[in-house]
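Asker: Sharing a structure here in C-alpha cells format.
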Amino acid sequence: MNFDYTEEQTLLDNMVTSFVRDNYDWDTRCNIVKSEEGWKEENWKQFAELGLLGVPFDEAYGGLGGKSADLMIVMEQFGKGLVVEPYLPTVILAGGLISKLGSEEQKNSIIPEIISGNIRCAFAYAEPQSRFDLNDVKTSAVLNGNDYVLNGFKSVVFGAGMASHLIISARTDSEQRSESGITLFIVDTKSEGLTLQNYPTIDEYRASEVIIENLKVSKDNVLGKVNMAYDAIEEIVDISTIAACSEAVGILQVLKDSTTEYCKNRKQFGQSIAKNQVIQHRLVDMMIEYEQAKSILYMAVTADLTNSDERRRTVSAAKARIGKAIKFVGESAIQLHGGMGVVDEYMVSHYFKRATMIGVLFGNTDYHMKRYMTLTQSGIPSSDEVISVSVT
Amino acid sequence: MDTAFSNEDLKFQSEIRDFIKTNYPQELRDSINSKRKLGKELSREDLTAWHKILGKHNGWSAPSWPKQYGGAEFTPTQKYIFEQECAKAECQYIMPFGINMVGPVIYTFGNEEQKAQHLPGILSGEVFWCQGYSEPGSGSDLASLKTSAVKEGDHYIVNGQKTWTTMAQYADWIFCLVRTNPDAEKPQQGISFLLIDMKTPGVTVRPIRLMDGTHEVNETWFDNVKVPVENLIGQENMGWTYAKFLLAHERSGIAGVARSKKAIERIKQIASSEMSYGEPLIQDPAFKAKIAAAELELSALEYTELRTLAKDSAGKGPGPESSLLKIKGTDIQQAVTELAMEAVGYYANPHLGTTLSNEYVGPDYATNLSGTYFNFRKASIYGGSNEIQRNIIAKMVLGL
C-alpha cells in the first residue's frame with residue numbers, strides 16, 4: 001500500500017508547482033481574467049514547452065502516456081493557482097475524445113498539434129434542455145451527399161472562444177434521449193453555419209453558446225463510428241470529472257489553509273478569533289472535509305478505470321462526495337473571513353466561486369448521488385446473509 | 001391563541017393588494033427587471049421610487065413608526081400582511097437605513113429640531129441614508145471603533161474610516177458611531193451617535209465590489225470633517241445605547257420570511273421546466289426533499305416571527321430573541337439562493353452584465369442566480385455575524 005508519487009510524478013508535481021508560483025501570482029491572474037481574451041497565449045506556449053499538453057496522450061503521437069494520477073497532479077496544482085487556461089477542455093475532454101475515437105489519420109493530424117500548443121479544442125455537448133444528461137441530444141445531423149448538415153444549439157461550452165476546433169455531439173438516429181444514434185463531429189470554429197456567443201462565467205472562466213445553423217461537415221470529420229459515440233462520451237466525461245475533482249481538491253486545500261491563517265491573524269475583542277472554540281471546530285471540520293475529499297479522489301484515481309462499471313461508480317462517488325466538501329469548505333471559508341470573504345478584491349471569494357462551479361460541472365452532487373445509487377443499487381443488501389433481529 | 005385574520009385584517013389585506021395593483025409603476029417593474037436580467041446595478045431612482053409612492057400614502061413607507069411622526073403605526077398583524085403583500089407582488093424593498101434604523105433612533109432619542117429636520121425626508125424617501133458603523137478593525141467587536149470626533153467650539157472634527165457602508169454612493173446622510181472619549185473606562189462608554197451630511201468637505205466614498213461584481217458597499221473616509229454639534233443624537237458618549245436599540249430594530253426586519261416564500265415559489269416553477277434524468281427536476285426526490293425542508297423551516301420561522309411580533313405589540317419590545325430571526329432568516333435565504341442556482345444546472349455559469357458581455361444568454365429565469373447565491377453569503381455576516389448572534393442569545397437569553 002503506497003500513496004506516494006513516483007519519481008516522475010514528483011518531477012511533474014514540482015514542475016507545475018513552479019509554473020504556478022512563477023507565472024501565476026495573484027495580480028497576473030487578475031489581469032488575465034479581466035483581459036478581452038480571458039487567457040494568456042504565452043502560458044499555453046509554456047505548457048507546451050514543459051510537456052504538459054502531452055500528459056495524457058499516447059507516446060505514439062508524441063504524448064507522455066500519462067494516467068489519471070498524472071492528470072490529477074497537474075489539475076490539483078492548477079486548482080491551487082486558479083489557472084484559467086483551457087487545459088481541461090482541450091487536453092482532457094476534447095483530447096480524450098480524439099484519442100478514444102479518432103482514426104489514425106485524425107489522431108496523427110490533431111494530437112501533435114494539441115501537444116505543440118498550436119491548436120485548442122472544446123467539446124460542445126450540453127444543450128438548453130439536457131442539463132447533465134449526456135444522452136439528451138436534440139442537435140441533428142443529416143447526411144446529404146458527402147456532407148452532414150448540422151442544426152441545433154449547444155449550451156455553456158467551456159473554452160470554445162479560445163478553440164480552433166469544436167467537437168460537437170449530434171443526433172444521427174433515434175429519439176432525443178436515446179443513447180444510440182449520437183455521433184461526434186470535429187469542425188473548425190470558423191466554419192460557416194457556426195455562431196459563437198462568448199461570455200465570461202461567474203468564476204472568471206470563459207464559455208460560449210454555440211448556434212448551429214446548416215453547418216456542413218464532411219463525412220471525413222466524423223469522430224468515431226456513426227451513431228455509436230455515447231459510450232466514449234460517457235467515459236471521457238468521467239475521466240474529465242476526475243480531473244475537475246482534482247482541481248477542486250487543490251482549491252479546497254487553499255481555502256482551508258488560508259482561512260486557518262486568516263483566523264489566526266484577525267483580532268477581535270483583544271484576541272485572535274481563532275481562540276474561539278466555535279471557530280476552531282469549524283476549521284477542524286474544514287480540514288476533515290478536505291481530507292475526505294482528497295481520499296475519495298485517490299480512490300477514483302487508483303480505480304480500474306478500464307472497467308466501465310467500476311469507473312462509473314467511483315467517479316460518481318468522488319464527484320458527489322467532493323461536491324459536499326466544496327459546499328462546506330467553501331461556505332465556511334467565506335463565513336470565517338467575514339466581510340473580507342464576500343469582497344471581490346480578496347482572493348478567497350475567487351477560490352470559493354471556482355470550487356462552487358466545479359460542483360456544477362459534469363453533474364452536481366445530487367446528480368452523481370443518483371447515478372451512484374442506481375449503479376450500486378444502494379438500499380439492497382450486498383450479501384444474502386440473513387441477519388437475525390431479535391427483540392428481547 | 002388565534003392566528004386567523006379578523007374581518008378588519010382581511011379588509012386591510014385587500015386594501016393593500018389594491019393599492020399595490022393601482023400604484024406600483026409598471027415602468028419601475030420593467031426597469032428593475034431588465035437591469036436584473038443583465039446583471040446591472042439599480043439606480044437611486046429604482047431603489048426609492050416605491051418608497052416615495054408609499055411615503056405619500058398614510059405613512060405606509062414607515063409601517064412601524066408612530067402616527068405622531070407620520071408613520072402608519074400598523075399593528076403587528078398589519079405589518080405582517082403588508083410585508084406579505086409587497087413580497088408577493090415583488091415590490092422593490094424599502095432601504096432600511098432611514099426607515100428602520102436611524103428614523104426610530106431620531107424619534108426616540110433625538111430632539112425636536114432633529115425630528116423636524118430629518119423625519120420628513122426619511123418618510124418621503126427624498127433623503128437617502130447610509131450607516132457608518134463597521135471599521136476595518138472593528139467588525140464583530142464594534143465597540144473597538146476608532147473613528148474620532150473631537151469637539152472644537154460648535155463643531156466636532158471627525159477623522160477615520162468606516163467600511164461596508166451600503167449604498168453610500170447614493171447617500172445624502174450617514175449616521176455614524178464615533179469615539180468622543182478615548183479615555184473612557186470601557187470602550188462602549190466613549191462612543192457617540194452623530195449624523196453627518198455626506199456633502200461635507202472631507203468625506204470620501206470608495207466602492208468595494210462584492211464577489212458577484214456588484215457595487216453595494218463602500219469604504220467611507222473622514223478627513224477633518226466638520227460636523228455641527230447640533231448633529232449629535234442624545235447625549236455625548238451615550239451612542240452605544242442608541243446603537244444597541246437600533247441593532248434590535250435592524251434584526252426584527254431581517255428574517256425576510258415573505259420574500260423567501262416568494263423565492264421558493266419561483267424555484268418550484270424553474271424546477272418544473274428543468275429536466276433531469278428525463279423527468280422534471282421538481283420530481284427528483286432529492287431536490288423535492290430540499291424544497292420541502294426549506295418550506296418547513298420557513299413555516300416554523302414565520303410563526304416564530306409572528307410570536308415575536310405579538311410580544312412586541314404587547315409592549316415588551318424586540319429583545320435578544322430577534323437574533324434568532326436573524327440566524328434562521330439568513331440560513332433560509334442562503335439555502336433558497338443555493339437551490340435556485342442548483343435548479344438551473346449549467347446556466348449557473350454565465351456572468352452577465354460585465355464589461356465583457358452585454359448579450360443575454362440562457363433561459364430568462366436563470367440570469368444571475370449564481371451571482372445571487374454568492375452575493376447572499378453576506379447575509380450570515382452582516383448586521384452582526386451569525387456567530388455573534390449566537391453569542392448574544394447565549395448571554396442574554398440563556399444566561400451562559
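Naming scheme: A, B, ... for chains in displayed order of the C-alpha cells; residues 1 onward per chain; ligands 1 onward as shown.
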Name all residues at most 10 Å from stretch 89-93 of chain B (count only C-alpha atoms; drop same-chain ones fewer than 2 positions away) and give them as a PyMOL selection string.
Answerer: chain B and resi 17+20-21+24-25+28-29+32+46-51+83-87+95-96+259+262-263
Asker: Find the residues in chain B near chain A: any atom within 8 Å counts, using only C-alpha atoms. Write them as a PDB file with C-alpha atoms, in the first residue's frame.
Answerer:
ATOM      1  CA  GLY B 137     -10.515  46.632  12.605  1.00  0.00           C
ATOM      2  CA  SER B 138     -13.968  46.704  14.170  1.00  0.00           C
ATOM      3  CA  GLY B 139     -16.426  44.225  12.797  1.00  0.00           C
ATOM      4  CA  SER B 140     -17.851  41.833  15.347  1.00  0.00           C
ATOM      5  CA  ASP B 141     -16.063  43.867  18.005  1.00  0.00           C
ATOM      6  CA  SER B 144     -13.444  48.929  19.468  1.00  0.00           C
ATOM      7  CA  TRP B 164     -19.219  48.173   4.447  1.00  0.00           C
ATOM      8  CA  ILE B 208     -15.919  47.896  -2.751  1.00  0.00           C
ATOM      9  CA  ARG B 209     -17.045  45.236  -5.222  1.00  0.00           C
ATOM     10  CA  LEU B 210     -18.680  42.150  -3.800  1.00  0.00           C
ATOM     11  CA  MET B 211     -17.771  38.735  -5.161  1.00  0.00           C
ATOM     12  CA  ASP B 212     -20.586  38.797  -7.715  1.00  0.00           C
ATOM     13  CA  GLY B 213     -19.161  42.045  -9.064  1.00  0.00           C
ATOM     14  CA  GLU B 274     -35.771  21.955 -15.928  1.00  0.00           C
ATOM     15  CA  MET B 275     -35.406  18.300 -16.851  1.00  0.00           C
ATOM     16  CA  SER B 276     -33.065  15.841 -15.157  1.00  0.00           C
ATOM     17  CA  TYR B 277     -32.782  12.155 -15.987  1.00  0.00           C
ATOM     18  CA  GLY B 278     -35.744  12.632 -18.315  1.00  0.00           C
ATOM     19  CA  ALA B 286     -33.511  14.721  -3.584  1.00  0.00           C
ATOM     20  CA  PHE B 287     -34.434  18.129  -4.976  1.00  0.00           C
ATOM     21  CA  GLU B 342     -28.790  24.455  -8.396  1.00  0.00           C
ATOM     22  CA  VAL B 344     -30.586  25.848 -13.468  1.00  0.00           C
ATOM     23  CA  GLY B 345     -27.691  23.430 -13.922  1.00  0.00           C
ATOM     24  CA  TYR B 346     -25.087  24.694 -16.368  1.00  0.00           C
ATOM     25  CA  TYR B 347     -26.840  28.044 -16.731  1.00  0.00           C
ATOM     26  CA  ALA B 348     -25.485  28.982 -13.314  1.00  0.00           C
ATOM     27  CA  ASN B 349     -22.264  29.763 -15.181  1.00  0.00           C
ATOM     28  CA  PRO B 350     -22.811  32.840 -17.365  1.00  0.00           C
ATOM     29  CA  HIS B 351     -21.792  36.083 -15.714  1.00  0.00           C
ATOM     30  CA  LEU B 352     -23.801  38.752 -17.425  1.00  0.00           C
ATOM     31  CA  LEU B 356     -17.004  41.661 -21.234  1.00  0.00           C
ATOM     32  CA  SER B 357     -20.529  40.573 -22.016  1.00  0.00           C
ATOM     33  CA  VAL B 361     -27.768  34.121 -22.713  1.00  0.00           C
ATOM     34  CA  GLY B 362     -29.701  31.216 -21.234  1.00  0.00           C
ATOM     35  CA  SER B 370     -25.296  32.050  -9.043  1.00  0.00           C
ATOM     36  CA  GLY B 371     -24.418  35.725  -8.533  1.00  0.00           C
ATOM     37  CA  PHE B 374     -22.543  34.241  -3.977  1.00  0.00           C
ATOM     38  CA  ASN B 375     -23.856  37.675  -3.003  1.00  0.00           C
ATOM     39  CA  ARG B 377     -23.072  34.755   1.619  1.00  0.00           C
ATOM     40  CA  LYS B 378     -23.009  38.252   3.129  1.00  0.00           C
ATOM     41  CA  SER B 380     -24.779  35.414   7.675  1.00  0.00           C
ATOM     42  CA  ILE B 381     -22.030  38.002   8.155  1.00  0.00           C
ATOM     43  CA  TYR B 382     -23.720  41.430   8.109  1.00  0.00           C
ATOM     44  CA  SER B 385     -22.373  37.707  12.147  1.00  0.00           C
TER      45      SER B 385
END
Asker: Go through stretch 142-335 of chain A and collect every residue that DSSP, computed from the backbone, puts in helix (DSSP H, G or I); the answer should be as a ChimeraX atom specification.
Answerer: /A:160-162,219-221,230-265,273-275,277-302,308-335
Asker: I'd like the contact shell of B:Glu338 - 6 Å cut-off, only C-alpha atoms, skipping same-chain residues fewer than 3 positions apart - returned as an NGL selection string.
Answerer: :B and (335 or 341 or 373)
Asker: Could the residues in this selection be written to a file with C-alpha atoms, as an mmCIF file, in the first residue's frame?
Answerer:
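Saved result, out.cif, follows:
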data_model
loop_
_atom_site.group_PDB
_atom_site.id
_atom_site.type_symbol
_atom_site.label_atom_id
_atom_site.label_comp_id
_atom_site.auth_asym_id
_atom_site.auth_seq_id
_atom_site.Cartn_x
_atom_site.Cartn_y
_atom_site.Cartn_z
ATOM 1 C CA ALA B 335 -30.487 27.837 1.315
ATOM 2 C CA MET B 341 -28.684 28.229 -8.532
ATOM 3 C CA TYR B 373 -26.062 32.802 -4.234
#
Asker: For B:Ile291, find every residue with an atom within 10 Å (counting only C-alpha atoms), except residues of its own chain fewer than 6 positions away, and show them as a list in words.
Answerer: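 Answer for this query is Ile264, Glu265, Ile267, Lys268, Ile282, Pro285, Ala335, Val336 and Leu339 of chain B.
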Asker: The selected residues should be written to file as a PDB file, in the first residue's frame (atoms: C-alpha atoms).
Answerer:
ATOM      1  CA  ILE B 264     -39.333  29.156  -3.123  1.00  0.00           C
ATOM      2  CA  GLU B 265     -42.356  29.564  -5.408  1.00  0.00           C
ATOM      3  CA  ILE B 267     -37.702  27.789  -7.657  1.00  0.00           C
ATOM      4  CA  LYS B 268     -40.632  25.400  -7.968  1.00  0.00           C
ATOM      5  CA  ILE B 282     -39.200  19.062  -9.334  1.00  0.00           C
ATOM      6  CA  PRO B 285     -36.715  13.076  -4.785  1.00  0.00           C
ATOM      7  CA  ALA B 335     -30.487  27.837   1.315  1.00  0.00           C
ATOM      8  CA  VAL B 336     -33.016  29.279  -1.113  1.00  0.00           C
ATOM      9  CA  LEU B 339     -31.461  25.865  -4.527  1.00  0.00           C
TER      10      LEU B 339
END
Asker: Considering only C-alpha atoms, return as a short mmCIF file (atom, residue, chain, number, x, y, z; two decimals) with N, CA and C atoms, in the first residue's frame whatever protein or nucleic-acid residues lie within 10 Å of A:Pro86, sequence-local ones (same chain, fewer than 3 positions apart) excluded.
Answerer:
data_model
loop_
_atom_site.label_atom_id
_atom_site.label_comp_id
_atom_site.auth_asym_id
_atom_site.auth_seq_id
_atom_site.Cartn_x
_atom_site.Cartn_y
_atom_site.Cartn_z
N GLY A 38 -9.30 36.51 -21.97
CA GLY A 38 -9.61 35.66 -20.83
C GLY A 38 -8.64 34.52 -20.61
N TRP A 39 -7.54 34.52 -21.33
CA TRP A 39 -6.46 33.55 -21.09
C TRP A 39 -5.19 34.15 -21.68
N LYS A 40 -4.04 33.48 -21.47
CA LYS A 40 -2.78 34.05 -21.92
C LYS A 40 -2.05 33.04 -22.79
N TRP A 44 0.18 29.20 -22.48
CA TRP A 44 -0.10 27.99 -23.24
C TRP A 44 1.18 27.47 -23.90
N VAL A 83 -5.67 28.56 -12.22
CA VAL A 83 -5.20 28.72 -13.61
C VAL A 83 -6.41 28.63 -14.54
N PRO A 89 -10.72 21.59 -21.02
CA PRO A 89 -11.49 21.42 -22.27
C PRO A 89 -10.66 20.87 -23.43
N THR A 90 -9.43 21.37 -23.56
CA THR A 90 -8.64 20.98 -24.73
C THR A 90 -7.98 19.62 -24.56
N VAL A 91 -7.18 19.50 -23.51
CA VAL A 91 -6.31 18.33 -23.40
C VAL A 91 -7.09 17.11 -22.91
N ILE A 92 -7.92 17.33 -21.89
CA ILE A 92 -8.54 16.17 -21.24
C ILE A 92 -9.86 15.79 -21.92
N ARG A 120 -6.24 24.63 -29.96
CA ARG A 120 -7.03 24.29 -28.79
C ARG A 120 -8.41 23.82 -29.25
N CYS A 121 -9.00 22.93 -28.47
CA CYS A 121 -10.29 22.37 -28.85
C CYS A 121 -11.26 22.50 -27.69
N ALA A 122 -12.54 22.38 -27.99
CA ALA A 122 -13.55 22.34 -26.93
C ALA A 122 -14.61 21.34 -27.32
N PHE A 158 -17.38 25.34 -22.52
CA PHE A 158 -16.19 25.94 -21.91
C PHE A 158 -15.02 25.95 -22.89
N GLY A 159 -14.38 27.10 -22.97
CA GLY A 159 -13.18 27.23 -23.79
C GLY A 159 -13.42 27.31 -25.28
N ALA A 160 -14.69 27.39 -25.70
CA ALA A 160 -14.97 27.41 -27.16
C ALA A 160 -14.37 28.65 -27.82
N MET A 162 -11.71 30.13 -27.26
CA MET A 162 -10.25 30.07 -27.43
C MET A 162 -9.85 28.93 -28.34
N ALA A 163 -10.85 28.20 -28.83
CA ALA A 163 -10.57 26.97 -29.56
C ALA A 163 -10.54 27.19 -31.06
N TYR A 205 -14.02 32.17 -15.82
CA TYR A 205 -13.58 31.42 -16.99
C TYR A 205 -14.36 31.95 -18.18
N ARG A 206 -14.23 31.28 -19.31
CA ARG A 206 -14.97 31.71 -20.48
C ARG A 206 -15.75 30.54 -21.06
#
Asker: So that I can check the surroundings of stretch 297-306 of chain B, please list as a CSV table (one decimal) with C-alpha atoms, in the first residue's frame every protein, DNA and RNA residue that reaches within 9 Å of it, counting only C-alpha atoms and ignoring chain neighbours fewer than 5 positions away.
Answerer:
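Below you can see part-v3.csv, which holds the result:
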chain,number,residue,atom,x,y,z
B,76,PRO,CA,-48.1,43.5,14.2
B,77,THR,CA,-50.7,41.7,12.1
B,80,TYR,CA,-47.1,41.1,8.6
B,252,SER,CA,-36.6,42.4,13.6
B,255,ALA,CA,-35.9,37.4,8.7
B,257,VAL,CA,-40.0,35.4,5.5
B,258,ALA,CA,-42.3,36.7,2.8
B,260,SER,CA,-38.1,33.7,0.9
B,261,LYS,CA,-41.6,32.3,0.4
B,292,ALA,CA,-39.8,20.7,1.4
B,311,LYS,CA,-44.7,40.0,22.0
B,322,SER,CA,-34.6,38.8,17.5
B,324,LEU,CA,-32.9,34.0,16.4
B,325,LEU,CA,-34.8,35.6,13.5
B,328,LYS,CA,-32.7,31.4,10.9
B,329,GLY,CA,-33.9,34.0,8.3
B,332,ILE,CA,-33.1,30.1,4.8
Asker: Name all residues at most 10 Å from A:Arg21 (count only C-alpha atoms; drop same-chain ones fewer than 4 positions away) and give them as a list in words.
Answerer: Met15, Val16, Thr17, Asp25, Trp26, Gln77, Lys80 and Gly81 of chain A
Asker: Just give me the gap between atom CA of B:Phe82 and atom CA of B:Ala4 in Å, one decimal is fine.
Answerer: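 Atom CA of B:Ala4 lies 15.8 Å from atom CA of B:Phe82.
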Asker: I'd like the interatomic distance between atom CA of A:Arg311 and atom CA of A:Lys100, to a tenth of an Å.
Answerer: 15.7 Å
Asker: Rounded to one decimal in Å, what is the spacing between atom CA of A:Thr302 and atom CA of A:Ser103?
Answerer: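 Rounded to one decimal, the two atoms are 28.8 Å apart.
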Asker: What parts of stretch 158-269 of chain B does DSSP call strand (DSSP E or B)? I'd like the answer as a PyMOL selection string.
Answerer: chain B and resi 158-163+173-179+191-197+203-210+215-228+232-233
Asker: Any chance you can output those residues with C-alpha atoms as a PDB file, in the first residue's frame?
Answerer:
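Contents of the output file part-v3.pdb:
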ATOM      1  CA  VAL B 158     -14.287  63.771  12.590  1.00  0.00           C
ATOM      2  CA  ASN B 159     -11.384  61.622  11.391  1.00  0.00           C
ATOM      3  CA  GLY B 160     -11.309  57.947  10.490  1.00  0.00           C
ATOM      4  CA  GLN B 161     -12.595  55.258   8.184  1.00  0.00           C
ATOM      5  CA  LYS B 162     -15.859  53.346   8.024  1.00  0.00           C
ATOM      6  CA  THR B 163     -16.344  50.257   5.897  1.00  0.00           C
ATOM      7  CA  TRP B 173     -26.571  61.495   5.025  1.00  0.00           C
ATOM      8  CA  ILE B 174     -24.719  58.962   7.144  1.00  0.00           C
ATOM      9  CA  PHE B 175     -25.354  58.072  10.775  1.00  0.00           C
ATOM     10  CA  CYS B 176     -22.089  57.259  12.485  1.00  0.00           C
ATOM     11  CA  LEU B 177     -20.730  55.821  15.657  1.00  0.00           C
ATOM     12  CA  VAL B 178     -17.705  57.885  16.612  1.00  0.00           C
ATOM     13  CA  ARG B 179     -15.345  57.926  19.556  1.00  0.00           C
ATOM     14  CA  ILE B 191     -18.956  56.389  21.788  1.00  0.00           C
ATOM     15  CA  SER B 192     -21.380  58.963  20.356  1.00  0.00           C
ATOM     16  CA  PHE B 193     -24.044  58.841  17.655  1.00  0.00           C
ATOM     17  CA  LEU B 194     -23.511  61.513  15.017  1.00  0.00           C
ATOM     18  CA  LEU B 195     -25.428  62.493  11.862  1.00  0.00           C
ATOM     19  CA  ILE B 196     -23.163  63.651   9.044  1.00  0.00           C
ATOM     20  CA  ASP B 197     -24.077  65.298   5.754  1.00  0.00           C
ATOM     21  CA  VAL B 203     -15.982  62.844   3.214  1.00  0.00           C
ATOM     22  CA  THR B 204     -14.752  60.411   0.535  1.00  0.00           C
ATOM     23  CA  VAL B 205     -16.523  57.286  -0.695  1.00  0.00           C
ATOM     24  CA  ARG B 206     -14.627  54.466  -2.404  1.00  0.00           C
ATOM     25  CA  PRO B 207     -16.504  51.490  -3.884  1.00  0.00           C
ATOM     26  CA  ILE B 208     -15.919  47.896  -2.751  1.00  0.00           C
ATOM     27  CA  ARG B 209     -17.045  45.236  -5.222  1.00  0.00           C
ATOM     28  CA  LEU B 210     -18.680  42.150  -3.800  1.00  0.00           C
ATOM     29  CA  HIS B 215     -21.290  47.647  -6.064  1.00  0.00           C
ATOM     30  CA  GLU B 216     -23.369  47.685  -2.890  1.00  0.00           C
ATOM     31  CA  VAL B 217     -20.836  48.563  -0.247  1.00  0.00           C
ATOM     32  CA  ASN B 218     -18.139  51.171   0.161  1.00  0.00           C
ATOM     33  CA  GLU B 219     -15.335  52.470   2.269  1.00  0.00           C
ATOM     34  CA  THR B 220     -16.139  55.906   3.645  1.00  0.00           C
ATOM     35  CA  TRP B 221     -13.282  58.107   4.764  1.00  0.00           C
ATOM     36  CA  PHE B 222     -13.471  61.149   7.055  1.00  0.00           C
ATOM     37  CA  ASP B 223     -10.642  63.629   6.835  1.00  0.00           C
ATOM     38  CA  ASN B 224     -11.088  66.560   9.244  1.00  0.00           C
ATOM     39  CA  VAL B 225     -14.814  66.631   8.599  1.00  0.00           C
ATOM     40  CA  LYS B 226     -16.546  69.492  10.435  1.00  0.00           C
ATOM     41  CA  VAL B 227     -19.878  68.371  11.908  1.00  0.00           C
ATOM     42  CA  PRO B 228     -22.085  70.853  13.778  1.00  0.00           C
ATOM     43  CA  LEU B 232     -25.237  64.788  17.947  1.00  0.00           C
ATOM     44  CA  ILE B 233     -28.085  62.448  18.854  1.00  0.00           C
TER      45      ILE B 233
END
